[in-house]
$ cat model25.cif   # mmCIF, C-alpha atoms
data_structure
loop_
_atom_site.label_atom_id
_atom_site.label_comp_id
_atom_site.auth_asym_id
_atom_site.auth_seq_id
_atom_site.Cartn_x
_atom_site.Cartn_y
_atom_site.Cartn_z
CA MET S 271 -46.08 109.59 -25.98
CA GLU S 272 -43.39 107.32 -27.41
CA VAL S 273 -40.05 107.51 -25.57
CA VAL S 274 -37.05 105.77 -27.20
CA ILE S 275 -33.42 105.49 -26.09
CA ASP S 276 -30.78 105.62 -28.83
CA LYS S 277 -29.17 102.17 -28.99
CA ASN S 278 -25.90 103.69 -30.26
CA SER S 279 -25.50 106.03 -27.28
CA GLY S 280 -23.76 105.19 -24.02
CA TYR S 281 -20.20 104.38 -23.08
CA CYS S 282 -17.50 104.00 -25.67
CA PHE S 283 -15.20 100.99 -25.25
CA GLY S 284 -12.49 102.98 -23.43
CA VAL S 285 -14.78 104.37 -20.74
CA GLU S 286 -16.58 101.06 -20.25
CA PHE S 287 -13.21 99.31 -19.88
CA ALA S 288 -11.99 101.84 -17.28
CA ILE S 289 -15.14 101.61 -15.17
CA GLN S 290 -15.06 97.82 -15.25
CA MET S 291 -11.41 97.84 -14.15
CA ALA S 292 -12.28 100.18 -11.27
CA GLU S 293 -15.20 98.03 -10.12
CA ASP S 294 -13.14 94.83 -10.38
CA GLU S 295 -10.31 96.38 -8.34
CA MET S 296 -12.69 97.68 -5.65
CA GLU S 297 -13.95 94.16 -5.04
CA ASN S 298 -10.53 93.40 -3.55
CA CYS S 299 -9.67 96.68 -1.84
CA ARG S 300 -11.60 99.07 0.39
CA GLU S 301 -10.49 102.25 -1.34
CA LEU S 302 -9.08 103.06 -4.76
CA TYR S 303 -7.76 106.42 -5.93
CA CYS S 304 -8.47 107.74 -9.42
CA LEU S 305 -6.46 110.55 -11.01
CA GLY S 306 -9.21 112.90 -12.17
CA ASP S 307 -12.88 112.07 -12.79
CA ILE S 308 -13.05 108.56 -14.23
CA VAL S 309 -15.76 109.82 -16.55
CA HIS S 310 -17.19 113.30 -17.19
CA ASN S 311 -20.48 112.48 -15.58
CA SER S 312 -21.15 113.51 -11.98
CA MET S 313 -23.90 110.91 -11.46
CA GLU S 314 -21.58 108.04 -12.38
CA VAL S 315 -18.72 109.52 -10.36
CA GLN S 316 -21.03 109.61 -7.31
CA ARG S 317 -22.14 106.01 -7.88
CA LEU S 318 -18.52 104.85 -7.94
CA TYR S 319 -17.63 107.04 -4.95
CA GLU S 320 -20.15 105.10 -2.92
CA LYS S 321 -18.28 101.94 -3.89
CA GLY S 322 -14.93 103.37 -2.72
CA LEU S 323 -13.47 105.27 -5.68
CA ARG S 324 -11.75 108.47 -4.53
CA ILE S 325 -10.98 111.19 -7.07
CA ILE S 326 -7.66 113.02 -6.65
CA ASP S 327 -5.80 115.68 -8.64
CA ARG S 328 -2.14 115.83 -9.61
CA ASP S 329 -1.12 117.83 -6.53
CA GLN S 330 -2.69 115.22 -4.26
CA LEU S 331 -0.94 112.46 -6.20
CA LYS S 332 2.44 113.91 -5.21
CA ASP S 333 1.64 113.30 -1.54
CA LEU S 334 0.50 109.68 -1.92
CA ARG S 335 2.71 106.71 -1.06
CA ASP S 336 2.30 102.92 -1.12
CA CYS S 337 -1.21 102.81 -2.57
CA LYS S 338 -3.15 102.03 -5.76
CA VAL S 339 -4.15 104.68 -8.30
CA LEU S 340 -6.30 104.16 -11.37
CA ILE S 341 -5.28 105.81 -14.65
CA ARG S 342 -8.52 106.57 -16.49
CA ALA S 343 -9.22 106.09 -20.20
CA HIS S 344 -7.85 109.53 -21.13
CA GLY S 345 -4.27 108.38 -20.50
CA GLU S 346 -1.44 110.18 -18.71
CA PRO S 347 1.90 111.83 -19.59
CA PRO S 348 5.21 110.06 -18.80
CA ALA S 349 5.72 112.24 -15.71
CA THR S 350 2.80 110.52 -13.97
CA TYR S 351 4.39 107.09 -14.40
CA GLN S 352 7.73 108.42 -13.14
CA LEU S 353 6.11 109.89 -10.03
CA ALA S 354 4.31 106.61 -9.34
CA LEU S 355 7.61 104.77 -9.51
CA GLU S 356 9.26 107.20 -7.09
CA ASN S 357 6.36 107.04 -4.60
CA ASN S 358 5.84 103.27 -4.76
CA ILE S 359 2.35 103.72 -6.21
CA GLU S 360 0.78 100.79 -8.03
CA LEU S 361 -0.94 102.07 -11.15
CA ILE S 362 -4.08 100.36 -12.40
CA ASP S 363 -3.74 101.49 -16.01
CA ALA S 364 -7.09 101.76 -17.76
CA SER S 365 -5.82 104.00 -20.56
CA CYS S 366 -7.88 103.51 -23.71
CA PRO S 367 -5.93 101.45 -26.29
CA VAL S 368 -6.82 104.02 -28.95
CA VAL S 369 -5.32 106.80 -26.82
CA LEU S 370 -2.19 104.76 -26.03
CA LYS S 371 -1.62 104.14 -29.74
CA LEU S 372 -1.99 107.86 -30.43
CA GLN S 373 0.48 108.70 -27.66
CA ASN S 374 3.03 106.45 -29.35
CA ARG S 375 2.40 108.09 -32.73
CA VAL S 376 2.82 111.57 -31.25
CA LYS S 377 6.08 110.61 -29.54
CA HIS S 378 7.43 109.01 -32.71
CA ALA S 379 6.53 112.07 -34.81
CA PHE S 380 8.14 114.40 -32.26
CA ASP S 381 11.36 112.40 -32.06
CA ALA S 382 11.56 111.88 -35.83
CA GLY S 383 10.93 115.56 -36.55
CA LYS S 384 13.65 117.01 -34.34
CA ALA S 385 16.29 116.99 -37.10
CA ALA S 386 14.00 118.98 -39.43
CA ASN S 387 12.93 121.42 -36.68
CA ALA S 388 9.35 120.17 -37.14
CA GLN S 389 6.39 121.13 -34.96
CA VAL S 390 3.83 118.74 -33.50
CA VAL S 391 0.39 120.33 -33.44
CA ILE S 392 -2.55 118.81 -31.55
CA TYR S 393 -6.12 119.83 -32.34
CA GLY S 394 -7.80 119.53 -28.95
CA GLN S 395 -9.06 121.22 -25.82
CA VAL S 396 -6.41 122.98 -23.73
CA GLY S 397 -6.22 121.37 -20.29
CA HIS S 398 -8.18 118.26 -21.32
CA ALA S 399 -6.77 115.12 -19.68
CA GLU S 400 -6.14 113.35 -22.98
CA VAL S 401 -4.40 116.40 -24.44
CA LEU S 402 -2.14 116.66 -21.38
CA GLY S 403 -1.12 113.04 -21.94
CA LEU S 404 -0.45 113.62 -25.64
CA ALA S 405 1.54 116.81 -25.07
CA GLY S 406 3.54 114.99 -22.42
CA GLN S 407 4.94 112.72 -25.13
CA THR S 408 6.68 115.81 -26.57
CA GLY S 409 7.95 117.20 -23.27
CA ASP S 410 5.05 119.66 -23.50
CA GLU S 411 6.50 121.21 -26.65
CA ALA S 412 3.45 120.34 -28.77
CA ILE S 413 1.32 123.26 -29.94
CA ILE S 414 -2.33 122.93 -28.84
CA ILE S 415 -4.92 124.29 -31.28
CA THR S 416 -8.50 124.76 -30.11
CA THR S 417 -9.72 127.69 -32.20
CA GLU S 418 -8.71 129.40 -35.45
CA ALA S 419 -7.02 132.14 -33.42
CA ASP S 420 -4.62 129.54 -32.01
CA LEU S 421 -3.14 129.03 -35.47
CA ASP S 422 -0.96 132.07 -34.82
CA LYS S 423 1.10 129.85 -32.49
CA ILE S 424 2.43 127.90 -35.49
CA ASP S 425 5.49 128.85 -37.55
CA PHE S 426 4.27 128.08 -41.08
CA THR S 427 7.78 128.22 -42.52
CA ARG S 428 8.67 125.04 -40.60
CA PRO S 429 7.36 121.45 -41.04
CA VAL S 430 4.09 120.65 -39.22
CA THR S 431 2.70 117.30 -38.06
CA LEU S 432 -0.96 117.53 -37.06
CA PHE S 433 -2.87 115.16 -34.78
CA SER S 434 -6.28 115.36 -33.13
CA GLN S 435 -7.64 114.60 -29.69
CA THR S 436 -9.58 111.36 -30.23
CA THR S 437 -12.95 112.82 -29.24
CA LYS S 438 -12.92 115.98 -31.35
CA SER S 439 -15.30 116.65 -34.23
CA THR S 440 -14.22 115.22 -37.59
CA LYS S 441 -15.61 118.28 -39.33
CA GLY S 442 -13.64 120.56 -37.02
CA PHE S 443 -10.41 118.64 -37.64
CA TYR S 444 -10.63 118.87 -41.41
CA HIS S 445 -11.51 122.55 -41.20
CA ILE S 446 -8.35 123.18 -39.15
CA LYS S 447 -6.36 121.07 -41.63
CA GLU S 448 -7.54 123.24 -44.55
CA LEU S 449 -6.71 126.43 -42.68
CA ILE S 450 -3.18 125.20 -41.94
CA GLU S 451 -2.66 124.24 -45.59
CA GLU S 452 -3.74 127.72 -46.68
CA ARG S 453 -1.52 129.44 -44.13
CA ILE S 454 1.45 127.34 -45.27
CA ARG S 455 0.83 128.41 -48.89
CA GLN S 456 0.59 132.07 -47.90
CA ALA S 457 3.76 131.95 -45.78
CA ASN S 458 5.85 130.28 -48.51
CA GLU S 459 4.75 131.91 -51.76
CA ASP S 460 8.34 132.59 -52.82
CA SER S 461 9.94 129.46 -51.45
CA THR S 462 9.50 125.69 -51.17
CA GLN S 463 6.65 124.73 -48.88
CA PRO S 464 7.65 122.82 -45.71
CA GLU S 465 6.22 119.34 -45.18
CA PHE S 466 2.75 119.10 -43.68
CA ASP S 467 1.58 115.73 -42.34
CA ALA S 468 -2.05 115.68 -41.17
CA ASN S 469 -3.18 112.66 -39.16
CA ASP S 470 -6.89 112.09 -38.56
CA SER S 471 -6.56 110.45 -35.15
CA ILE S 472 -10.21 110.80 -34.11
CA CYS S 473 -11.68 107.61 -32.64
CA ARG S 474 -14.07 106.12 -35.18
CA GLN S 475 -16.33 104.76 -32.45
CA VAL S 476 -16.81 108.39 -31.45
CA SER S 477 -16.88 110.02 -34.89
CA ASN S 478 -19.39 107.48 -36.24
CA ARG S 479 -21.87 108.72 -33.67
CA GLU S 480 -22.19 112.05 -35.44
CA PRO S 481 -24.01 110.70 -38.53
CA GLN S 482 -25.92 108.22 -36.36
CA LEU S 483 -27.12 111.02 -34.08
CA ALA S 484 -27.96 113.29 -37.02
CA LYS S 485 -30.34 110.61 -38.28
CA PHE S 486 -31.71 109.82 -34.80
CA ALA S 487 -32.45 113.50 -34.11
CA THR S 488 -34.72 113.77 -37.15
CA GLU S 489 -36.84 110.75 -36.17
CA TYR S 490 -38.44 112.23 -33.01
CA ASP S 491 -40.40 115.35 -32.14
CA VAL S 492 -38.20 116.15 -29.15
CA ILE S 493 -34.61 115.12 -28.38
CA VAL S 494 -33.23 114.96 -24.84
CA PHE S 495 -29.44 114.72 -24.79
CA VAL S 496 -28.05 113.44 -21.49
CA SER S 497 -24.46 114.30 -20.60
CA GLY S 498 -22.17 115.68 -17.95
CA LYS S 499 -21.54 119.39 -18.40
CA LYS S 500 -17.75 118.84 -18.38
CA SER S 501 -17.83 116.42 -21.32
CA SER S 502 -16.33 117.94 -24.48
CA ASN S 503 -17.67 114.96 -26.42
CA GLY S 504 -21.12 115.69 -25.01
CA LYS S 505 -21.03 119.31 -26.14
CA ALA S 506 -19.97 118.29 -29.66
CA LEU S 507 -22.63 115.58 -30.02
CA TYR S 508 -25.37 117.77 -28.58
CA SER S 509 -24.59 120.39 -31.23
CA VAL S 510 -25.24 117.70 -33.87
CA CYS S 511 -28.69 117.05 -32.37
CA LYS S 512 -29.50 120.75 -32.16
CA GLN S 513 -28.45 121.27 -35.77
CA HIS S 514 -30.88 118.62 -37.01
CA ASN S 515 -33.70 119.13 -34.51
CA GLU S 516 -34.34 122.54 -32.96
CA ASN S 517 -36.35 120.85 -30.19
CA SER S 518 -33.20 119.35 -28.65
CA TYR S 519 -32.41 119.84 -24.97
CA PHE S 520 -29.25 119.19 -22.92
CA VAL S 521 -29.67 117.80 -19.40
CA GLU S 522 -27.36 116.23 -16.84
CA ASN S 523 -30.16 114.22 -15.22
CA GLU S 524 -33.94 114.01 -14.95
CA THR S 525 -34.19 116.87 -12.44
CA GLU S 526 -33.37 119.35 -15.21
CA LEU S 527 -36.26 118.27 -17.44
CA GLN S 528 -39.03 120.80 -18.07
CA PRO S 529 -42.49 119.34 -18.82
CA GLY S 530 -43.23 122.19 -21.23
CA TRP S 531 -40.64 120.79 -23.64
CA PHE S 532 -42.95 117.88 -24.40
CA ALA S 533 -46.23 119.74 -24.93
CA GLY S 534 -47.84 118.40 -28.09
CA ALA S 535 -44.99 115.94 -28.76
CA GLY S 536 -45.85 112.47 -29.99
CA SER S 537 -42.32 111.08 -29.60
CA VAL S 538 -39.15 111.73 -27.61
CA GLY S 539 -35.65 110.46 -28.39
CA ILE S 540 -33.15 110.01 -25.54
CA CYS S 541 -29.44 109.98 -26.41
CA GLY S 542 -26.12 110.82 -24.80
CA ALA S 543 -22.35 111.20 -24.91
CA THR S 544 -19.70 108.48 -24.81
CA SER S 545 -19.44 109.29 -21.08
CA THR S 546 -23.17 108.86 -20.39
CA PRO S 547 -24.17 105.58 -18.69
CA MET S 548 -27.13 103.70 -20.09
CA TRP S 549 -28.72 103.51 -16.63
CA LEU S 550 -28.88 107.31 -16.50
CA MET S 551 -30.55 107.59 -19.92
CA GLN S 552 -33.06 104.95 -18.76
CA GLN S 553 -33.72 107.01 -15.63
CA VAL S 554 -34.43 110.08 -17.79
CA ALA S 555 -36.67 108.05 -20.11
CA ASP S 556 -38.65 106.63 -17.18
CA TYR S 557 -39.21 110.11 -15.77
CA ILE S 558 -40.49 111.45 -19.11
CA SER S 559 -42.80 108.46 -19.48
CA SER S 560 -44.24 109.19 -16.04
CA LEU S 561 -45.18 112.80 -16.86
CA ASP S 562 -48.88 113.64 -16.82
CA MET S 563 -49.10 115.46 -20.16
CA THR S 564 -52.67 116.52 -19.46
CA CYS S 565 -51.26 119.04 -17.00
CA VAL S 566 -48.80 120.59 -19.48
#

$ encode --input "model25.cif" --output "structure tokens"
Amino acid sequence: MEVVIDKNSGYCFGVEFAIQMAEDEMENCRELYCLGDIVHNSMEVQRLYEKGLRIIDRDQLKDLRDCKVLIRAHGEPPATYQLALENNIELIDASCPVVLKLQNRVKHAFDAGKAANAQVVIYGQVGHAEVLGLAGQTGDEAIIITTEADLDKIDFTRPVTLFSQTTKSTKGFYHIKELIEERIRQANEDSTQPEFDANDSICRQVSNREPQLAKFATEYDVIVFVSGKKSSNGKALYSVCKQHNENSYFVENETELQPGWFAGAGSVGICGATSTPMWLMQQVADYISSLDMTCV
């Protein structure tokens, strides 16, 4: 049985950069704190824990003094930097450059739109670390849209500036954009329509994986998608695989594999999220290759 790992899967630049910064820093200090999981993959978090990386939440951050804390690729709101200053915490800032640029765009749009009573709307997952950082640029006044039902939060008689979490689906973003345009038309049939500025702020390194995965999924009898269960990017990319190959399966590691999935299969494709390390996909591939298919 042929087992192939997708060469386009694995860490995006932002995650790879953050992990490298953490490992470099831990060469010079015994223990390093990280605000939230450095990556949405429990296996990688455990590997880095064994090297000295300690995950903390925002409540624990308030009690820290005179130490080093890593800011992961997702970025952080201004309040985190202010707290670090007050508590003499040295921040190792591994925020993804794409996310930092988006934070600046969101802040500029919010400040520029105040005079026109404009609304900043972010298409993203409520509570997601990146979304918290983006909303923080607006003093948490941004409106977070995850589903169509959330559109009711918007006042369609006022100007709207739309952004997206960098790891959201491109298709989903443009669907939300069309719905907002329609709602604006409906709400202003007898008056001038307010300005609507839609900004496709999805990371292209992430969005390009959708068509790449769609093609990859059709080339193998069975697809095994490896990702942490908390990864929103993983859920979105897995749905692409499932759409193009019904024999697609989501696993966090090799212990979740079921030999029956591969009965009669001549080929297996291994792929993963932007938060999935290549070593973990290799581990899954090695396990599949070791299966005795005569017993299935």

$ closest_residue --input "model25.cif" --among "S:Asp336, S:Asp276, S:Glu480, S:Asp410" --to "Ala349 of chain S" --atoms "only C-alpha atoms"
S:Asp410

$ closest_residue --input "model25.cif" --among "S:Ser439, S:Thr427, S:Ser471, S:Gln373" --to "Glu459 of chain S" --atoms "all atoms listed in the file"
S:Thr427

$ closest_residue --input "model25.cif" --among "S:His378, S:Arg342, S:His398, S:Arg317" --to "Thr436 of chain S" --atoms "all atoms listed in the file"
S:His398

$ residues_around --input "model25.cif" --residues "segment 421-425 of chain S" --least-positions-apart "5" --cutoff "10 Å" --atoms "all atoms listed in the file" --output "list in words"
Ala388, Gln389, Val390, Val391, Ile413, Ile414, Ile415, Thr416, Val430, Ile446, Leu449, Ile450, Arg453, Ile454 and Ala457 of chain S

$ atom_distance --input "model25.cif" --atom1 "atom CA of Gly406 of chain S" --atom2 "atom CA of Arg428 of chain S"
21.4 Å

$ residues_near_point --input "model25.cif" --point "(-5.1, 110.5, -19.0)" --cutoff "6 Å" --atoms "only C-alpha atoms" --output "PyMOL selection string"
chain S and resi 342+344-346+399-400+403

$ resolve_selection --input "model25.cif" --expression "the PyMOL selection byres ((chain S and resi 511) around 12)" --output "number ranges by chain"
S: 479-496, 504-510, 512-520, 539-543

$ resolve_selection --input "model25.cif" --expression "the PyMOL selection byres ((chain S and resi 535) around 8)" --output "tab-separated table (two decimals) with C-alpha atoms, in the coordinates of the input"
chain	number	residue	atom	x	y	z
S	271	MET	CA	-46.08	109.59	-25.98
S	491	ASP	CA	-40.40	115.35	-32.14
S	492	VAL	CA	-38.20	116.15	-29.15
S	532	PHE	CA	-42.95	117.88	-24.40
S	533	ALA	CA	-46.23	119.74	-24.93
S	534	GLY	CA	-47.84	118.40	-28.09
S	536	GLY	CA	-45.85	112.47	-29.99
S	537	SER	CA	-42.32	111.08	-29.60
S	538	VAL	CA	-39.15	111.73	-27.61

$ atom_distance --input "model25.cif" --atom1 "atom CA of Val368 of chain S" --atom2 "atom CA of Lys441 of chain S"
19.7 Å
